[in-house]
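**Student:** I am sharing work.cif, which consists of mmCIF, C-alpha atoms:
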data_run
#
loop_
_atom_site.label_atom_id
_atom_site.label_comp_id
_atom_site.auth_asym_id
_atom_site.auth_seq_id
_atom_site.Cartn_x
_atom_site.Cartn_y
_atom_site.Cartn_z
CA MET A 16 -26.65 -1.56 8.97
CA ILE A 17 -23.44 -1.78 10.97
CA ARG A 18 -20.67 0.54 9.77
CA ILE A 19 -17.08 -0.60 10.09
CA ILE A 20 -14.02 1.56 9.53
CA ALA A 21 -11.39 -1.11 8.84
CA ILE A 22 -7.90 0.27 9.43
CA THR A 23 -4.84 -1.34 7.88
CA GLY A 24 -1.22 -0.24 7.78
CA MET A 25 2.25 -1.50 8.56
CA PRO A 26 3.46 -1.69 12.19
CA GLY A 27 4.09 1.78 13.58
CA ALA A 28 2.28 3.65 10.79
CA GLY A 29 -0.22 5.26 13.15
CA LYS A 30 -3.26 2.96 13.06
CA SER A 31 -4.00 3.40 16.77
CA THR A 32 -3.86 7.20 16.57
CA ALA A 33 -6.30 7.08 13.67
CA ALA A 34 -8.61 4.68 15.54
CA GLU A 35 -8.54 6.78 18.72
CA ALA A 36 -9.69 9.81 16.74
CA LEU A 37 -12.83 7.85 15.83
CA VAL A 38 -13.33 6.62 19.40
CA LYS A 39 -13.58 10.28 20.45
CA GLU A 40 -16.42 10.63 17.94
CA GLY A 41 -18.35 7.75 19.49
CA TRP A 42 -17.06 4.81 17.49
CA THR A 43 -16.39 1.50 19.28
CA ARG A 44 -12.82 0.29 18.82
CA ILE A 45 -11.86 -3.34 18.31
CA VAL A 46 -8.13 -4.05 18.13
CA MET A 47 -7.37 -7.16 16.08
CA GLY A 48 -3.96 -7.38 17.74
CA ASP A 49 -5.67 -7.58 21.17
CA VAL A 50 -7.67 -10.60 19.98
CA ILE A 51 -4.40 -12.23 18.90
CA ARG A 52 -2.59 -11.22 22.10
CA SER A 53 -5.40 -12.74 24.20
CA GLU A 54 -5.23 -15.92 22.17
CA THR A 55 -1.42 -16.00 22.58
CA LYS A 56 -1.76 -15.76 26.38
CA ARG A 57 -4.55 -18.35 26.35
CA ARG A 58 -2.06 -20.70 24.68
CA GLY A 59 0.40 -20.13 27.54
CA LEU A 60 2.83 -18.00 25.53
CA VAL A 61 4.38 -14.61 26.24
CA PRO A 62 2.70 -12.18 23.79
CA ASP A 63 5.92 -10.88 22.23
CA ALA A 64 6.41 -10.08 18.54
CA LYS A 65 7.43 -13.59 17.54
CA ASN A 66 4.74 -15.45 19.50
CA THR A 67 1.87 -13.17 18.45
CA GLY A 68 3.03 -13.54 14.84
CA ASP A 69 3.13 -17.32 15.20
CA VAL A 70 -0.30 -17.46 16.84
CA MET A 71 -1.75 -15.20 14.12
CA LYS A 72 -0.50 -17.66 11.51
CA ALA A 73 -1.71 -20.66 13.52
CA LEU A 74 -5.21 -19.17 13.89
CA ARG A 75 -5.39 -18.68 10.12
CA ARG A 76 -4.13 -22.19 9.48
CA GLU A 77 -6.63 -23.74 11.88
CA LYS A 78 -9.72 -21.65 11.10
CA GLY A 79 -9.01 -19.99 7.76
CA GLU A 80 -7.73 -16.60 6.70
CA SER A 81 -10.65 -14.77 8.26
CA ALA A 82 -10.25 -16.39 11.71
CA VAL A 83 -9.41 -13.12 13.48
CA ALA A 84 -12.14 -11.23 11.61
CA ASP A 85 -14.70 -13.84 12.72
CA LEU A 86 -13.66 -13.35 16.36
CA CYS A 87 -14.04 -9.58 15.89
CA LEU A 88 -17.55 -9.97 14.43
CA LYS A 89 -18.48 -12.01 17.49
CA ALA A 90 -17.18 -9.25 19.76
CA ILE A 91 -19.08 -6.60 17.75
CA ALA A 92 -22.34 -8.57 18.02
CA GLU A 93 -21.87 -9.06 21.77
CA ALA A 94 -21.19 -5.35 22.29
CA GLY A 95 -24.23 -4.43 20.18
CA ALA A 96 -22.15 -1.73 18.49
CA ASP A 97 -23.22 -0.26 15.13
CA LYS A 98 -20.31 2.17 14.56
CA VAL A 99 -17.11 0.19 14.84
CA VAL A 100 -13.49 0.94 14.07
CA VAL A 101 -11.47 -2.25 13.59
CA ASP A 102 -7.79 -1.57 14.12
CA GLY A 103 -5.26 -3.90 12.48
CA ILE A 104 -6.63 -5.40 9.23
CA ARG A 105 -4.02 -7.73 7.73
CA SER A 106 -5.64 -9.22 4.65
CA MET A 107 -8.40 -8.76 2.10
CA ALA A 108 -10.00 -12.00 3.37
CA GLU A 109 -10.69 -10.18 6.64
CA VAL A 110 -12.18 -7.20 4.80
CA GLU A 111 -14.43 -9.49 2.77
CA THR A 112 -15.59 -11.22 5.96
CA PHE A 113 -16.62 -7.84 7.39
CA ARG A 114 -18.31 -6.84 4.11
CA LYS A 115 -20.72 -9.75 4.46
CA LYS A 116 -22.07 -8.26 7.70
CA ALA A 117 -21.48 -4.51 7.49
CA ARG A 118 -20.85 -1.48 5.33
CA VAL A 119 -17.04 -1.20 5.35
CA LEU A 120 -14.57 1.59 4.60
CA LEU A 121 -11.04 0.21 4.28
CA VAL A 122 -8.49 2.86 5.28
CA ALA A 123 -4.72 2.47 4.95
CA VAL A 124 -2.48 4.53 7.22
CA ASP A 125 0.95 4.88 5.63
CA ALA A 126 4.41 5.98 6.72
CA SER A 127 7.90 5.11 5.50
CA PRO A 128 9.86 2.24 7.09
CA GLU A 129 12.28 4.80 8.57
CA ARG A 130 9.52 6.77 10.25
CA ARG A 131 7.68 3.66 11.44
CA TYR A 132 10.86 2.34 13.04
CA GLU A 133 11.27 5.62 14.93
CA PHE A 134 7.63 5.49 16.09
CA LEU A 135 7.97 1.91 17.32
CA LYS A 136 11.19 2.62 19.20
CA GLU A 137 9.48 5.54 20.95
CA ARG A 138 6.39 3.48 21.77
CA GLY A 139 8.15 0.43 23.19
CA ARG A 140 5.14 -1.85 23.73
CA GLY A 141 5.78 -5.49 24.65
CA ASP A 142 5.49 -6.89 21.16
CA ASP A 143 7.31 -4.02 19.43
CA PRO A 144 10.69 -4.65 17.86
CA MET A 145 13.79 -3.22 19.48
CA THR A 146 16.36 -3.60 16.69
CA TYR A 147 16.07 -2.78 13.02
CA ASP A 148 16.46 -6.46 12.15
CA MET A 149 13.55 -7.38 14.42
CA PHE A 150 11.54 -4.53 12.91
CA ALA A 151 12.27 -5.74 9.37
CA ALA A 152 11.39 -9.32 10.32
CA ARG A 153 8.06 -8.16 11.72
CA ASP A 154 7.38 -6.23 8.50
CA ARG A 155 8.06 -9.42 6.54
CA ARG A 156 5.68 -11.47 8.71
CA GLU A 157 2.90 -8.91 8.14
CA LEU A 158 3.57 -8.85 4.40
CA GLU A 159 3.45 -12.66 4.23
CA VAL A 160 -0.10 -12.59 5.60
CA GLY A 161 -1.10 -10.27 2.73
CA ILE A 162 -1.18 -6.84 4.37
CA GLY A 163 0.41 -5.31 1.23
CA LYS A 164 -2.66 -6.30 -0.77
CA ALA A 165 -5.01 -4.74 1.79
CA ILE A 166 -2.96 -1.52 1.70
CA ALA A 167 -2.90 -1.55 -2.13
CA LEU A 168 -6.68 -2.08 -2.33
CA ALA A 169 -7.72 0.41 0.36
CA ASP A 170 -10.66 2.74 -0.25
CA GLU A 171 -8.79 5.59 1.41
CA THR A 172 -5.12 6.19 2.09
CA VAL A 173 -3.96 8.58 4.78
CA SER A 174 -0.29 9.49 4.91
CA ASN A 175 1.25 9.87 8.36
CA GLN A 176 4.68 10.65 6.94
CA HIS A 177 5.09 14.34 7.76
CA GLY A 178 2.14 15.44 9.84
CA THR A 179 1.26 15.40 13.53
CA PRO A 180 -1.11 13.02 15.35
CA HIS A 181 -3.60 15.92 15.23
CA LYS A 182 -3.34 16.11 11.41
CA LEU A 183 -3.74 12.32 11.11
CA ALA A 184 -6.86 12.47 13.29
CA ALA A 185 -8.30 15.30 11.18
CA ASP A 186 -7.57 13.40 7.94
CA ILE A 187 -9.28 10.21 9.07
CA LEU A 188 -12.34 12.07 10.35
CA LYS A 189 -12.61 13.88 7.02
CA ALA A 190 -12.44 10.58 5.11
CA VAL A 191 -15.17 9.04 7.28
CA GLU A 192 -17.43 12.09 7.03
CA ARG A 193 -17.11 12.05 3.25
CA TRP A 194 -17.93 8.34 3.16
CA ASP A 195 -21.02 8.81 5.33
CA ARG A 196 -22.14 11.76 3.19
CA ASN A 197 -21.74 9.84 -0.07
CA ALA A 198 -23.78 6.95 1.33
CA GLY A 199 -26.51 9.42 2.26
CA SER A 200 -26.62 8.21 5.86
CA MET B 5 24.95 10.52 -7.74
CA ILE B 6 21.93 9.66 -9.89
CA ARG B 7 18.58 10.43 -8.28
CA ILE B 8 15.64 8.19 -9.06
CA ILE B 9 12.03 8.87 -8.12
CA ALA B 10 10.58 5.37 -8.26
CA ILE B 11 6.81 5.48 -8.65
CA THR B 12 4.61 2.55 -7.71
CA GLY B 13 0.85 2.18 -7.53
CA MET B 14 -1.97 0.00 -8.77
CA PRO B 15 -3.20 0.32 -12.39
CA GLY B 16 -5.11 3.56 -12.88
CA ALA B 17 -3.97 5.17 -9.62
CA GLY B 18 -2.34 8.13 -11.37
CA LYS B 19 1.34 7.15 -11.72
CA SER B 20 1.67 8.76 -15.16
CA THR B 21 0.19 12.06 -14.00
CA ALA B 22 2.66 12.08 -11.12
CA ALA B 23 5.58 11.23 -13.41
CA GLU B 24 4.60 13.92 -15.96
CA ALA B 25 4.68 16.55 -13.22
CA LEU B 26 8.35 15.70 -12.68
CA VAL B 27 9.10 15.68 -16.42
CA LYS B 28 7.94 19.32 -16.50
CA GLU B 29 10.59 20.00 -13.82
CA GLY B 30 13.35 18.54 -15.98
CA TRP B 31 13.30 14.91 -14.84
CA THR B 32 13.79 12.16 -17.44
CA ARG B 33 10.94 9.67 -17.46
CA ILE B 34 11.38 5.93 -17.95
CA VAL B 35 8.17 3.90 -18.14
CA MET B 36 8.67 0.32 -17.00
CA GLY B 37 5.50 -0.69 -18.84
CA ASP B 38 7.05 0.61 -22.11
CA VAL B 39 10.04 -1.68 -21.62
CA ILE B 40 7.64 -4.60 -21.15
CA ARG B 41 5.43 -3.53 -24.08
CA SER B 42 8.51 -3.35 -26.37
CA GLU B 43 9.61 -6.79 -25.23
CA THR B 44 6.07 -8.14 -25.81
CA LYS B 45 6.14 -6.84 -29.42
CA ARG B 46 9.67 -8.17 -29.91
CA ARG B 47 8.28 -11.60 -28.99
CA GLY B 48 5.64 -11.24 -31.74
CA LEU B 49 2.71 -10.72 -29.38
CA VAL B 50 0.00 -8.05 -29.28
CA PRO B 51 0.80 -5.90 -26.22
CA ASP B 52 -2.60 -6.29 -24.56
CA ALA B 53 -3.19 -6.69 -20.81
CA LYS B 54 -2.81 -10.47 -20.79
CA ASN B 55 0.30 -10.66 -23.01
CA THR B 56 2.19 -7.85 -21.27
CA GLY B 57 1.37 -9.52 -17.96
CA ASP B 58 2.66 -12.86 -19.24
CA VAL B 59 5.84 -11.31 -20.68
CA MET B 60 6.47 -9.44 -17.43
CA LYS B 61 6.31 -12.76 -15.57
CA ALA B 62 8.45 -14.51 -18.22
CA LEU B 63 11.15 -11.80 -18.01
CA ARG B 64 11.31 -12.25 -14.25
CA ARG B 65 11.43 -16.03 -14.55
CA GLU B 66 14.22 -15.90 -17.15
CA LYS B 67 16.38 -13.11 -15.71
CA GLY B 68 15.26 -12.74 -12.11
CA GLU B 69 12.88 -10.42 -10.29
CA SER B 70 14.89 -7.31 -11.18
CA ALA B 71 14.94 -8.04 -14.95
CA VAL B 72 12.88 -4.96 -15.89
CA ALA B 73 14.83 -2.74 -13.47
CA ASP B 74 18.10 -3.88 -15.07
CA LEU B 75 16.78 -2.89 -18.52
CA CYS B 76 15.79 0.51 -17.08
CA LEU B 77 19.26 1.07 -15.60
CA LYS B 78 20.73 0.35 -19.02
CA ALA B 79 18.40 2.93 -20.58
CA ILE B 80 19.30 5.48 -17.88
CA ALA B 81 23.04 4.96 -18.48
CA GLU B 82 22.60 5.30 -22.25
CA ALA B 83 20.60 8.51 -21.84
CA GLY B 84 23.20 9.92 -19.43
CA ALA B 85 20.36 11.14 -17.19
CA ASP B 86 20.98 11.99 -13.54
CA LYS B 87 17.41 12.97 -12.51
CA VAL B 88 15.16 10.11 -13.45
CA VAL B 89 11.54 9.28 -12.70
CA VAL B 90 10.84 5.57 -13.14
CA ASP B 91 7.14 5.00 -13.66
CA GLY B 92 5.72 1.57 -12.81
CA ILE B 93 7.67 -0.10 -9.96
CA ARG B 94 6.14 -3.51 -9.24
CA SER B 95 8.35 -5.06 -6.56
CA MET B 96 10.88 -4.29 -3.84
CA ALA B 97 13.46 -6.30 -5.82
CA GLU B 98 13.31 -3.57 -8.47
CA VAL B 99 13.71 -0.83 -5.87
CA GLU B 100 16.72 -2.61 -4.37
CA THR B 101 18.28 -2.92 -7.83
CA PHE B 102 17.95 0.86 -8.30
CA ARG B 103 19.30 1.53 -4.79
CA LYS B 104 22.60 -0.12 -5.76
CA LYS B 105 23.17 2.53 -8.43
CA ALA B 106 21.26 5.60 -7.30
CA ARG B 107 19.66 7.57 -4.49
CA VAL B 108 16.04 6.44 -4.62
CA LEU B 109 12.77 7.86 -3.31
CA LEU B 110 9.99 5.27 -3.54
CA VAL B 111 6.62 6.98 -3.97
CA ALA B 112 3.26 5.17 -3.94
CA VAL B 113 0.32 6.80 -5.72
CA ASP B 114 -2.93 5.45 -4.26
CA ALA B 115 -6.61 5.47 -5.20
CA SER B 116 -9.49 3.12 -4.41
CA PRO B 117 -10.34 0.22 -6.76
CA GLU B 118 -13.60 2.02 -7.65
CA ARG B 119 -11.83 5.22 -8.66
CA ARG B 120 -9.04 3.39 -10.53
CA TYR B 121 -11.60 1.47 -12.55
CA GLU B 122 -13.27 4.75 -13.56
CA PHE B 123 -9.88 6.24 -14.53
CA LEU B 124 -8.97 3.22 -16.65
CA LYS B 125 -12.32 3.17 -18.43
CA GLU B 126 -11.86 6.85 -19.30
CA ARG B 127 -8.28 6.35 -20.47
CA GLY B 128 -8.89 3.32 -22.70
CA ARG B 129 -5.27 2.53 -23.64
CA GLY B 130 -4.61 -0.77 -25.50
CA ASP B 131 -3.64 -2.77 -22.43
CA ASP B 132 -6.29 -1.30 -20.15
CA PRO B 133 -9.14 -3.53 -18.99
CA MET B 134 -12.62 -2.88 -20.28
CA THR B 135 -14.75 -4.89 -17.86
CA TYR B 136 -14.60 -5.00 -14.07
CA ASP B 137 -13.59 -8.67 -14.20
CA MET B 138 -10.66 -7.86 -16.49
CA PHE B 139 -9.74 -4.97 -14.20
CA ALA B 140 -9.83 -7.21 -11.12
CA ALA B 141 -7.76 -9.87 -12.92
CA ARG B 142 -5.14 -7.26 -13.80
CA ASP B 143 -5.04 -6.11 -10.16
CA ARG B 144 -4.45 -9.72 -9.12
CA ARG B 145 -1.58 -10.12 -11.63
CA GLU B 146 0.10 -6.98 -10.30
CA LEU B 147 -0.36 -8.12 -6.69
CA GLU B 148 1.13 -11.53 -7.49
CA VAL B 149 4.35 -9.84 -8.62
CA GLY B 150 4.58 -8.13 -5.23
CA ILE B 151 3.35 -4.59 -5.91
CA GLY B 152 1.47 -4.60 -2.59
CA LYS B 153 4.78 -4.89 -0.74
CA ALA B 154 6.28 -1.98 -2.69
CA ILE B 155 3.21 0.13 -1.88
CA ALA B 156 3.35 -0.89 1.80
CA LEU B 157 7.07 -0.05 2.05
CA ALA B 158 7.01 3.25 0.13
CA ASP B 159 8.94 6.25 1.46
CA GLU B 160 6.09 8.56 0.48
CA THR B 161 2.42 7.93 -0.20
CA VAL B 162 0.35 10.34 -2.25
CA SER B 163 -3.41 9.86 -2.32
CA ASN B 164 -5.14 10.53 -5.64
CA GLN B 165 -8.54 9.63 -4.23
CA HIS B 166 -10.30 12.99 -4.12
CA GLY B 167 -8.04 15.58 -5.70
CA THR B 168 -7.40 16.80 -9.22
CA PRO B 169 -4.42 15.98 -11.47
CA HIS B 170 -3.13 19.44 -10.50
CA LYS B 171 -3.27 18.55 -6.79
CA LEU B 172 -1.51 15.22 -7.43
CA ALA B 173 1.24 17.03 -9.35
CA ALA B 174 1.66 19.55 -6.53
CA ASP B 175 1.82 16.77 -3.91
CA ILE B 176 4.50 14.83 -5.73
CA LEU B 177 6.64 17.92 -6.34
CA LYS B 178 6.38 18.79 -2.65
CA ALA B 179 7.51 15.29 -1.66
CA VAL B 180 10.50 15.44 -4.00
CA GLU B 181 11.52 18.93 -2.88
CA ARG B 182 11.39 17.81 0.75
CA TRP B 183 13.51 14.76 -0.04
CA ASP B 184 16.12 16.87 -1.87
CA ARG B 185 16.20 19.37 0.98
CA ASN B 186 16.66 16.67 3.63
CA ALA B 187 19.55 15.16 1.67
CA GLY B 188 21.13 18.60 1.51
CA SER B 189 21.48 18.49 -2.25
#
For this file, write the structure as structure tokens.
**Tutor:**
Amino acid sequence: MIRIIAITGMPGAGKSTAAEALVKEGWTRIVMGDVIRSETKRRGLVPDAKNTGDVMKALRREKGESAVADLCLKAIAEAGADKVVVDGIRSMAEVETFRKKARVLLVAVDASPERRYEFLKERGRGDDPMTYDMFAARDRRELEVGIGKAIALADETVSNQHGTPHKLAADILKAVERWDRNAGS
Amino acid sequence: MIRIIAITGMPGAGKSTAAEALVKEGWTRIVMGDVIRSETKRRGLVPDAKNTGDVMKALRREKGESAVADLCLKAIAEAGADKVVVDGIRSMAEVETFRKKARVLLVAVDASPERRYEFLKERGRGDDPMTYDMFAARDRRELEVGIGKAIALADETVSNQHGTPHKLAADILKAVERWDRNAGS
């Protein structure tokens, strides 16, 4: 059976660092944000924070709450991957979509708003916020989609508040090893 | 200035254990659920899971989203306490109400639904759910109020997934000490 490590967390919490740690252990990474960014470009829009947020909402409106998860499952099937880390879960509907097709561990990566804002300023990717107001607005958009529920209902929570990327990587690997051990696989 | 450790988390995650650790260090504990349970009794209702949930929603409808937080602030002022742990934050509106009057550290205590259900079955308090359906319904009620947002926006997250009550107590004390140190108090 396909195993999926589904990673959720607010913008800037450290989801990518956690996912990369699994990639180094042979897991295939699917970034939900990339699926949305591709779709944003396909619709002729610049993939900035506002447009990707709008397209994410449009996709859900048009094809249901699990629209992005369905696109990911298609990508997973095409790649023939059986150990997959999905980076960027935003709702429990997505998790439930994955659970129909795979054994899923939902992991929340957490950090305070203050720390996440610092991370995002340092990172400076195209769709990252540049002012605190833009950052707060992006947080609100994510929360509207239901990311707070996914974080609240996670199987594992990893704090990225005080540690290093190395510590975060170690924590996520430990959580996954424990999960695999408990399942006897 | 009054310091408040505001503790949020889903039912059964370990909020009380975390709060008790602070009580042993001289912090005054206010349980938001107690305020709601008192109000439920005052309205002539049995304080079970459904009625306390209904009264919580009624309080918010009648007096606004920060109704319970306002009652807590009154209790804090009457007690003359300046180191307070508030157990049972359910929304960011409550946190913002506290932030107007105090320096606040918002701490989320997290555990998986599976583990929380086991904890609640063991605890068996009057308003605790006895079947998984009742447990899931209670989760949904809490999430409707906005607890997922408070968990997502916490300043500190402490996982109670694999450790002991002792470990949880140690983790929360460490977080509070760090916060006090950073504020230079």
**Student:** Which residues, written as a PyMOL selection string, have at least one atom at most 8 Å from Trp42 of chain A, with all atoms listed in the file counted and residues fewer than 2 positions away on the same chain left out?
**Tutor:** chain A and resi 37-40+44+98-100
**Student:** Per residue of chain A within 12 Å of chain B, record the nearest atom pair and its distance in Å to one decimal, counting only C-alpha atoms, with rows in chain order and ascending residue number, as CSV.
**Tutor:**
residue,atom,partner,partner_atom,distance
A:Thr23,CA,B:Ala156,CA,10.2
A:Gly24,CA,B:Ala156,CA,7.6
A:Met25,CA,B:Ala156,CA,6.9
A:Pro26,CA,B:Ala156,CA,10.4
A:Ala28,CA,B:Ala156,CA,10.1
A:Arg105,CA,B:Ala156,CA,11.7
A:Ser106,CA,B:Gly152,CA,11.1
A:Met107,CA,B:Gly152,CA,11.7
A:Leu120,CA,B:Ser116,CA,10.5
A:Leu121,CA,B:Ser116,CA,9.3
A:Val122,CA,B:Ser116,CA,9.7
A:Ala123,CA,B:Ala156,CA,9.3
A:Val124,CA,B:Thr161,CA,9.5
A:Asp125,CA,B:Thr161,CA,6.7
A:Ala126,CA,B:Asp159,CA,6.9
A:Ser127,CA,B:Asp159,CA,4.3
A:Pro128,CA,B:Leu157,CA,6.2
A:Glu129,CA,B:Asp159,CA,8.0
A:Arg130,CA,B:Asp159,CA,8.8
A:Arg131,CA,B:Leu157,CA,10.1
A:Tyr132,CA,B:Leu157,CA,11.9
A:Ala151,CA,B:Leu157,CA,10.6
A:Asp154,CA,B:Leu157,CA,8.9
A:Arg155,CA,B:Lys153,CA,9.2
A:Arg156,CA,B:Lys153,CA,11.6
A:Glu157,CA,B:Lys153,CA,9.9
A:Leu158,CA,B:Lys153,CA,6.6
A:Glu159,CA,B:Lys153,CA,9.3
A:Val160,CA,B:Lys153,CA,11.1
A:Gly161,CA,B:Gly152,CA,8.2
A:Ile162,CA,B:Gly152,CA,7.8
A:Gly163,CA,B:Gly152,CA,4.0
A:Lys164,CA,B:Gly152,CA,4.8
A:Ala165,CA,B:Gly152,CA,7.8
A:Ile166,CA,B:Ala156,CA,6.3
A:Ala167,CA,B:Gly152,CA,5.3
A:Leu168,CA,B:Pro117,CA,6.2
A:Ala169,CA,B:Ser116,CA,5.8
A:Asp170,CA,B:Ser116,CA,4.3
A:Glu171,CA,B:Ser116,CA,6.4
A:Thr172,CA,B:Ser163,CA,6.0
A:Val173,CA,B:Ser163,CA,7.2
A:Ser174,CA,B:Thr161,CA,6.0
A:Asn175,CA,B:Thr161,CA,8.9
A:Gln176,CA,B:Glu160,CA,6.9
A:His177,CA,B:Glu160,CA,9.3
A:Asp186,CA,B:Ser163,CA,11.6
A:Lys189,CA,B:His166,CA,11.4
A:Ala190,CA,B:His166,CA,9.8
A:Arg193,CA,B:His166,CA,10.1
A:Trp194,CA,B:His166,CA,11.5
**Student:** Given the PyMOL selection byres ((chain A and resi 46) around 8) and the file above, list the residues it selects as a list of chain:residue names.
**Tutor:**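 Those residues are A:Arg44, A:Ile45, A:Met47, A:Gly48, A:Asp49, A:Val50, A:Val101, A:Asp102, A:Gly103.
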**Student:** Counting all atoms listed in the file, which residue out of A:Ala90, A:Leu135, A:Ala64, A:Ala185 sits closest to Gly29 of chain A?
**Tutor:**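 Distance minimum relative to Gly29 of chain A lands on A:Leu135.
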**Student:** At what distance in Å, to one decimal, does atom CA of Ala184 of chain A lie from atom CA of Val180 of chain B?
**Tutor:**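 Between these atoms lies a distance of 24.7 Å.
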**Student:** Could you state which residues are captured by the PyMOL selection byres ((chain A and resi 52-61) around 12) in this file, as a PDB file with C-alpha atoms, in the coordinates of the input?
**Tutor:**
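That gives us selection_11.pdb:
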ATOM      1  CA  VAL A  46      -8.130  -4.050  18.130  1.00  0.00           C
ATOM      2  CA  MET A  47      -7.370  -7.160  16.080  1.00  0.00           C
ATOM      3  CA  GLY A  48      -3.960  -7.380  17.740  1.00  0.00           C
ATOM      4  CA  ASP A  49      -5.670  -7.580  21.170  1.00  0.00           C
ATOM      5  CA  VAL A  50      -7.670 -10.600  19.980  1.00  0.00           C
ATOM      6  CA  ILE A  51      -4.400 -12.230  18.900  1.00  0.00           C
ATOM      7  CA  PRO A  62       2.700 -12.180  23.790  1.00  0.00           C
ATOM      8  CA  ASP A  63       5.920 -10.880  22.230  1.00  0.00           C
ATOM      9  CA  ALA A  64       6.410 -10.080  18.540  1.00  0.00           C
ATOM     10  CA  LYS A  65       7.430 -13.590  17.540  1.00  0.00           C
ATOM     11  CA  ASN A  66       4.740 -15.450  19.500  1.00  0.00           C
ATOM     12  CA  THR A  67       1.870 -13.170  18.450  1.00  0.00           C
ATOM     13  CA  GLY A  68       3.030 -13.540  14.840  1.00  0.00           C
ATOM     14  CA  ASP A  69       3.130 -17.320  15.200  1.00  0.00           C
ATOM     15  CA  VAL A  70      -0.300 -17.460  16.840  1.00  0.00           C
ATOM     16  CA  MET A  71      -1.750 -15.200  14.120  1.00  0.00           C
ATOM     17  CA  LYS A  72      -0.500 -17.660  11.510  1.00  0.00           C
ATOM     18  CA  ALA A  73      -1.710 -20.660  13.520  1.00  0.00           C
ATOM     19  CA  LEU A  74      -5.210 -19.170  13.890  1.00  0.00           C
ATOM     20  CA  ALA A  82     -10.250 -16.390  11.710  1.00  0.00           C
ATOM     21  CA  VAL A  83      -9.410 -13.120  13.480  1.00  0.00           C
ATOM     22  CA  LEU A  86     -13.660 -13.350  16.360  1.00  0.00           C
ATOM     23  CA  GLY A 141       5.780  -5.490  24.650  1.00  0.00           C
ATOM     24  CA  ASP A 142       5.490  -6.890  21.160  1.00  0.00           C
TER      25      ASP A 142
END
**Student:** Quick check, in Å to one decimal: how far apart do atom CA of Thr21 of chain B and atom CA of Ile8 of chain B lie?
**Tutor:**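 Value for the atom CA of Thr21 of chain B-atom CA of Ile8 of chain B distance: 16.7 Å.
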**Student:** Just the residues within 7 Å of Ala108 of chain A, please, counting all atoms listed in the file, with nothing from its chain fewer than 2 positions along; format it as an MDAnalysis selection string.
**Tutor:** chainID A and resid 80:81 106 110:112
